[in-house]
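Following: one structure in C-alpha cells, then a few remarks.
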Amino acid sequence: MDYGIEQRDQEAAVRLRGRLTFNDHAKLRALIGEMKQNKAKRQVLDLSSLEFVDSAGIGMLLIAREEMVAAAKELVLRGAVGQVKRVLTVAQIGKIVTIED
Amino acid sequence: MVVQTPPPRTRFAALHGLAIADDRLARCATWLGLPSEGGKGGGGPTLALLDGPQGATEAAAWLPPITAWIEPTADDDAQPSLTLLTTRAGSVDLYVNLTTETANDLHLAGRILTALTARHPLPQDRLDDLELALHEAISNALVHGNLEVAGMKELNAAELERFSRDLVQQMANPTLSRRRLEVAVTLEPTAMAVEVADEGNGFQPTPMDCHGASGRGLNLIATVADSIELQDGGRRIRMRFAL
C-alpha cells in the first residue's frame with residue numbers, strides 16, 4: 001500500500017493505493033502519525049484507489065479512527081469500491097466510522 | 001549411509017525448477033523418479049520446486065501444467081520429507097507447501113487464485129470473496145500460527161506498534177520463519193474444498209472472538225464460505241466454497 005496526503009482548507013485528503021493488509025503495519029503507523037500532526041480537523045481517507053483490504057487492514061483503520069478521536073479529529077472513509085466496499089459492509093464498519101460514497 | 005525412501009507413486013509427469021539450483025533439482029528428480037524440465041514440458045501435471053520466492057513471482061509460475069508448488073527443506077530429512085509432501089500433493093488438485101517467509105513474500109492467496117481461475121473461470125465478485133477467504137486463512141496461519149504473533153486487541157497506536165514490532169521480530173527468527181504453510185485445494189464439479197495448515201501452537205476458537213482491532217478474520221471467512229471447520233487443535237482450517 002502507498003499513500004499521499006493532500007492538505008485543503010479544513011480537510012486533509014489521504015489517498016490510499018494498492019492493497020492494505022497486515023504487512024502494511026509500518027506504513028499505517030507512519031500515516032497515523034502524519035494525520036495526528038497535520039492541522040486539519042477532518043481527515044478523509046480516499047479509498048477509491050484501494051484494491052484490497054483484509055481484516056488486519058480494517059483493524060488498522062479502526063485504530064486510526066480511535067487515534068483521531070483522541071486527537072479531537074474526525075476520520076471519514078470515502079469512495080470505497082469493489083472488494084474494499086464489500087468488506088467494509090460485511091464487517092459493519094459503518095457503525096463505527098463515518099463512510100461516504 | 002542414509003536409508004532412501006522409495007519414489008512415491010504420483011500423478012505428476014514432470015518436475016519444474018523455479019530458481020532452484022540445477023544440482024538440487026536433479027537430486028530431487030532422482031528421489032521422486034520424475035523427469036526435470038527446464039521449460040514447459042509435455043503438458044502433464046507438473047510439480048514445481050522452489051528455493052525461496054525467486055522464480056515464483058511471474059504469473060506463468062502459477063499456471064498449468066503446474067499443479068503443485070513445494071519448497072524442499074535443506075535439512076537431513078530432505079528426501080523423506082519431499083517424498084511425503086509429493087504424495088500429499090498428488091492426492092489433491094492444487095497443493096502448496098512453503099516456508100512462512102516464502103509464503104509471505106509471495107502474497108500466496110493471489111497466486112493460488114491465479115492457479116484456480118486458470119482451471120475454473122469465476123466472476124469478479126466471487127474472485128474477490130475467494131481471495132479474501134484464502135488470504136485470511138493464510139495470514140492467520142502465518143501470523144498467529146507459525147509466527148505466534150497475537151492479534152491487535154486494543155484499538156490504539158501502541159497496540160499497532162506492538163503488533164508491528166512482534167511481526168518483524170518473529171519473522172527474523174529462523175526457527176519460526178522456516179515453519180511451513182500447507183494449502184491443499186480439491187476441485188469438485190460445483191464446489192471447492194480448501195485446507196490451510198500451519199505448524200504453530202493451535203488455538204481454541206471462542207464464539208464471536210472479535211474484540212478491538214483483531215478477530216474479524218474467521219468471521220469474514222465464515223460469511224464467504226459455505227462451511228468452515230477447524231481441525232488439529234486449530235492448526236488446520238477446512239473451508240468449502242460453491243463455485
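Identifiers for the C-alpha cells are assigned positionally: chains receive A, B, ... in sequence, residues are indexed from 1 per chain, and ligands are indexed from 1 in the order shown.
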Would you give me, as JSON lines, each residue of region 163-236 of chain B having an atom within 12 Å of an atom of region 28-52 of chain A, along with its shortest atom pair and that distance in Å to one decimal, using only C-alpha atoms and sorting by chain and residue number?
```
{"residue": "B:Phe163", "atom": "CA", "partner": "A:Arg29", "partner_atom": "CA", "distance": 10.7}
{"residue": "B:Ser164", "atom": "CA", "partner": "A:Arg29", "partner_atom": "CA", "distance": 8.7}
{"residue": "B:Arg165", "atom": "CA", "partner": "A:Arg29", "partner_atom": "CA", "distance": 11.2}
```
Keeping only C-alpha atoms, write the selected residues as a short mmCIF file (atom, residue, chain, number, x, y, z; two decimals), in the first residue's frame.
```cif
data_model
loop_
_atom_site.label_atom_id
_atom_site.label_comp_id
_atom_site.auth_asym_id
_atom_site.auth_seq_id
_atom_site.Cartn_x
_atom_site.Cartn_y
_atom_site.Cartn_z
CA PHE B 163 1.95 -5.91 16.56
CA SER B 164 4.40 -4.31 14.14
CA ARG B 165 7.40 -4.96 16.40
#
```
message: Could you list, as a ChimeraX atom specification, every residue within 12 Å of region 21-23 of chain A, counting only C-alpha atoms and ignoring same-chain residues fewer than 6 positions away?
response: /A:1-2,29,50-61,84 /B:104-107,132,135-136,138-140,142-144,149,151-152,160,163-165,167-168,171,213-214,217
field: strand (DSSP E) positions in chain A, given as a PyMOL selection string
entry: chain A and resi 2-7+11-20+42-53+74-78+98-100
Output C-alpha atoms for every residue in that selection, as a PDB file, in the first residue's frame.
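Saved file part.pdb follows:
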```pdb
ATOM      1  CA  ASP A   2       1.086   3.551  -0.759  1.00  0.00           C
ATOM      2  CA  TYR A   3      -0.493   6.811   0.281  1.00  0.00           C
ATOM      3  CA  GLY A   4      -0.380  10.512  -0.484  1.00  0.00           C
ATOM      4  CA  ILE A   5      -1.725  13.364   1.635  1.00  0.00           C
ATOM      5  CA  GLU A   6      -3.270  16.495   0.157  1.00  0.00           C
ATOM      6  CA  GLN A   7      -3.935  19.412   2.531  1.00  0.00           C
ATOM      7  CA  GLU A  11      -9.561  18.877   5.474  1.00  0.00           C
ATOM      8  CA  ALA A  12      -6.651  16.516   4.853  1.00  0.00           C
ATOM      9  CA  ALA A  13      -7.340  14.091   1.996  1.00  0.00           C
ATOM     10  CA  VAL A  14      -5.313  10.894   2.204  1.00  0.00           C
ATOM     11  CA  ARG A  15      -5.401   8.728  -0.897  1.00  0.00           C
ATOM     12  CA  LEU A  16      -4.608   5.046  -0.258  1.00  0.00           C
ATOM     13  CA  ARG A  17      -3.468   2.973  -3.233  1.00  0.00           C
ATOM     14  CA  GLY A  18      -2.975  -0.758  -3.755  1.00  0.00           C
ATOM     15  CA  ARG A  19      -3.561  -3.406  -1.100  1.00  0.00           C
ATOM     16  CA  LEU A  20      -3.958  -2.771   2.629  1.00  0.00           C
ATOM     17  CA  ARG A  42     -11.232  16.424   9.253  1.00  0.00           C
ATOM     18  CA  GLN A  43      -9.126  13.530   7.949  1.00  0.00           C
ATOM     19  CA  VAL A  44     -10.608  11.917   4.842  1.00  0.00           C
ATOM     20  CA  LEU A  45      -9.242   8.565   3.707  1.00  0.00           C
ATOM     21  CA  ASP A  46      -9.932   8.321  -0.035  1.00  0.00           C
ATOM     22  CA  LEU A  47     -10.242   4.572  -0.683  1.00  0.00           C
ATOM     23  CA  SER A  48     -11.165   4.804  -4.382  1.00  0.00           C
ATOM     24  CA  SER A  49      -7.719   3.557  -5.471  1.00  0.00           C
ATOM     25  CA  LEU A  50      -7.544   0.832  -2.831  1.00  0.00           C
ATOM     26  CA  GLU A  51      -7.927  -2.593  -4.447  1.00  0.00           C
ATOM     27  CA  PHE A  52      -7.974  -4.956  -1.465  1.00  0.00           C
ATOM     28  CA  VAL A  53      -8.280  -4.798   2.301  1.00  0.00           C
ATOM     29  CA  GLU A  74     -12.816  13.302  12.629  1.00  0.00           C
ATOM     30  CA  LEU A  75     -11.989  10.344  10.367  1.00  0.00           C
ATOM     31  CA  VAL A  76     -14.019   9.685   7.231  1.00  0.00           C
ATOM     32  CA  LEU A  77     -13.699   6.730   4.849  1.00  0.00           C
ATOM     33  CA  ARG A  78     -14.640   7.837   1.336  1.00  0.00           C
ATOM     34  CA  THR A  98     -18.290   7.637   9.020  1.00  0.00           C
ATOM     35  CA  ILE A  99     -18.412   6.211   5.483  1.00  0.00           C
ATOM     36  CA  GLU A 100     -19.127   8.430   2.459  1.00  0.00           C
TER      37      GLU A 100
END
```
Report as a short mmCIF file (atom, residue, chain, number, x, y, z; two decimals) with N, CA and C atoms, in the first residue's frame all protein, DNA and RNA residues lying within 9 Å of region 225-232 of chain B, evaluated on only C-alpha atoms, omitting residues in the same chain fewer than 4 positions from it.
```cif
data_model
loop_
_atom_site.label_atom_id
_atom_site.label_comp_id
_atom_site.auth_asym_id
_atom_site.auth_seq_id
_atom_site.Cartn_x
_atom_site.Cartn_y
_atom_site.Cartn_z
N ASP B 129 -14.30 -12.51 -3.13
CA ASP B 129 -14.65 -13.24 -1.90
C ASP B 129 -13.66 -14.38 -1.63
N LEU B 130 -13.32 -15.13 -2.69
CA LEU B 130 -12.40 -16.25 -2.50
C LEU B 130 -11.02 -15.76 -2.10
N ALA B 133 -11.12 -14.87 1.61
CA ALA B 133 -11.15 -16.05 2.49
C ALA B 133 -9.78 -16.74 2.51
N ALA B 197 -3.02 -25.23 6.54
CA ALA B 197 -2.48 -25.75 7.80
C ALA B 197 -1.17 -25.08 8.14
N GLY B 202 -1.58 -23.92 17.60
CA GLY B 202 -3.02 -24.10 17.55
C GLY B 202 -3.73 -23.08 18.42
N PRO B 205 -10.91 -21.66 19.32
CA PRO B 205 -11.79 -20.56 18.92
C PRO B 205 -12.89 -20.35 19.95
N LEU B 218 -11.77 -14.82 10.92
CA LEU B 218 -12.59 -16.04 10.84
C LEU B 218 -14.03 -15.69 10.50
N LEU B 220 -15.05 -13.16 8.73
CA LEU B 220 -15.10 -12.82 7.31
C LEU B 220 -15.10 -14.09 6.47
N ILE B 221 -14.25 -15.06 6.84
CA ILE B 221 -14.21 -16.33 6.11
C ILE B 221 -15.59 -16.99 6.16
N ARG B 236 -5.35 -26.33 11.54
CA ARG B 236 -5.82 -26.59 10.18
C ARG B 236 -7.25 -26.08 10.04
N ILE B 237 -7.50 -25.34 8.96
CA ILE B 237 -8.87 -24.92 8.67
C ILE B 237 -9.28 -25.53 7.34
N ARG B 238 -10.47 -26.09 7.33
CA ARG B 238 -11.02 -26.66 6.11
C ARG B 238 -12.23 -25.84 5.71
N MET B 239 -12.19 -25.31 4.48
CA MET B 239 -13.27 -24.42 4.01
C MET B 239 -13.87 -25.02 2.73
N ARG B 240 -15.18 -24.87 2.59
CA ARG B 240 -15.84 -25.28 1.35
C ARG B 240 -16.51 -24.07 0.71
N PHE B 241 -16.37 -23.98 -0.61
CA PHE B 241 -16.97 -22.87 -1.35
C PHE B 241 -17.73 -23.42 -2.55
N ALA B 242 -18.92 -22.89 -2.80
CA ALA B 242 -19.61 -23.19 -4.06
C ALA B 242 -18.89 -22.45 -5.17
#
```
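Shortest atom-to-atom contact with chain B among A:Gly79, A:Lys73, A:Asp9, A:Lys85: A:Lys85, counting only C-alpha atoms.
Distances from B:Leu94, B:Ala157, B:Cys28, B:Ala118 to chain A were compared using only C-alpha atoms, and the smallest one belongs to B:Ala157.
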query: Using only C-alpha atoms, which of the listed residues (B:Ala60, B:Leu134, B:Ala172, B:Leu50) sits closest to chain A?
result: B:Leu134
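When only C-alpha atoms are used to measure the gap to chain A, the shortest distance among B:Leu176, B:Ala78, B:Ala109, B:Leu84 belongs to B:Ala109.
Candidate residues B:Val96, B:Leu147, B:Leu18, B:Ala193 were compared for distance to Asp51 (chain B), and the nearest is B:Leu18, using only C-alpha atoms.
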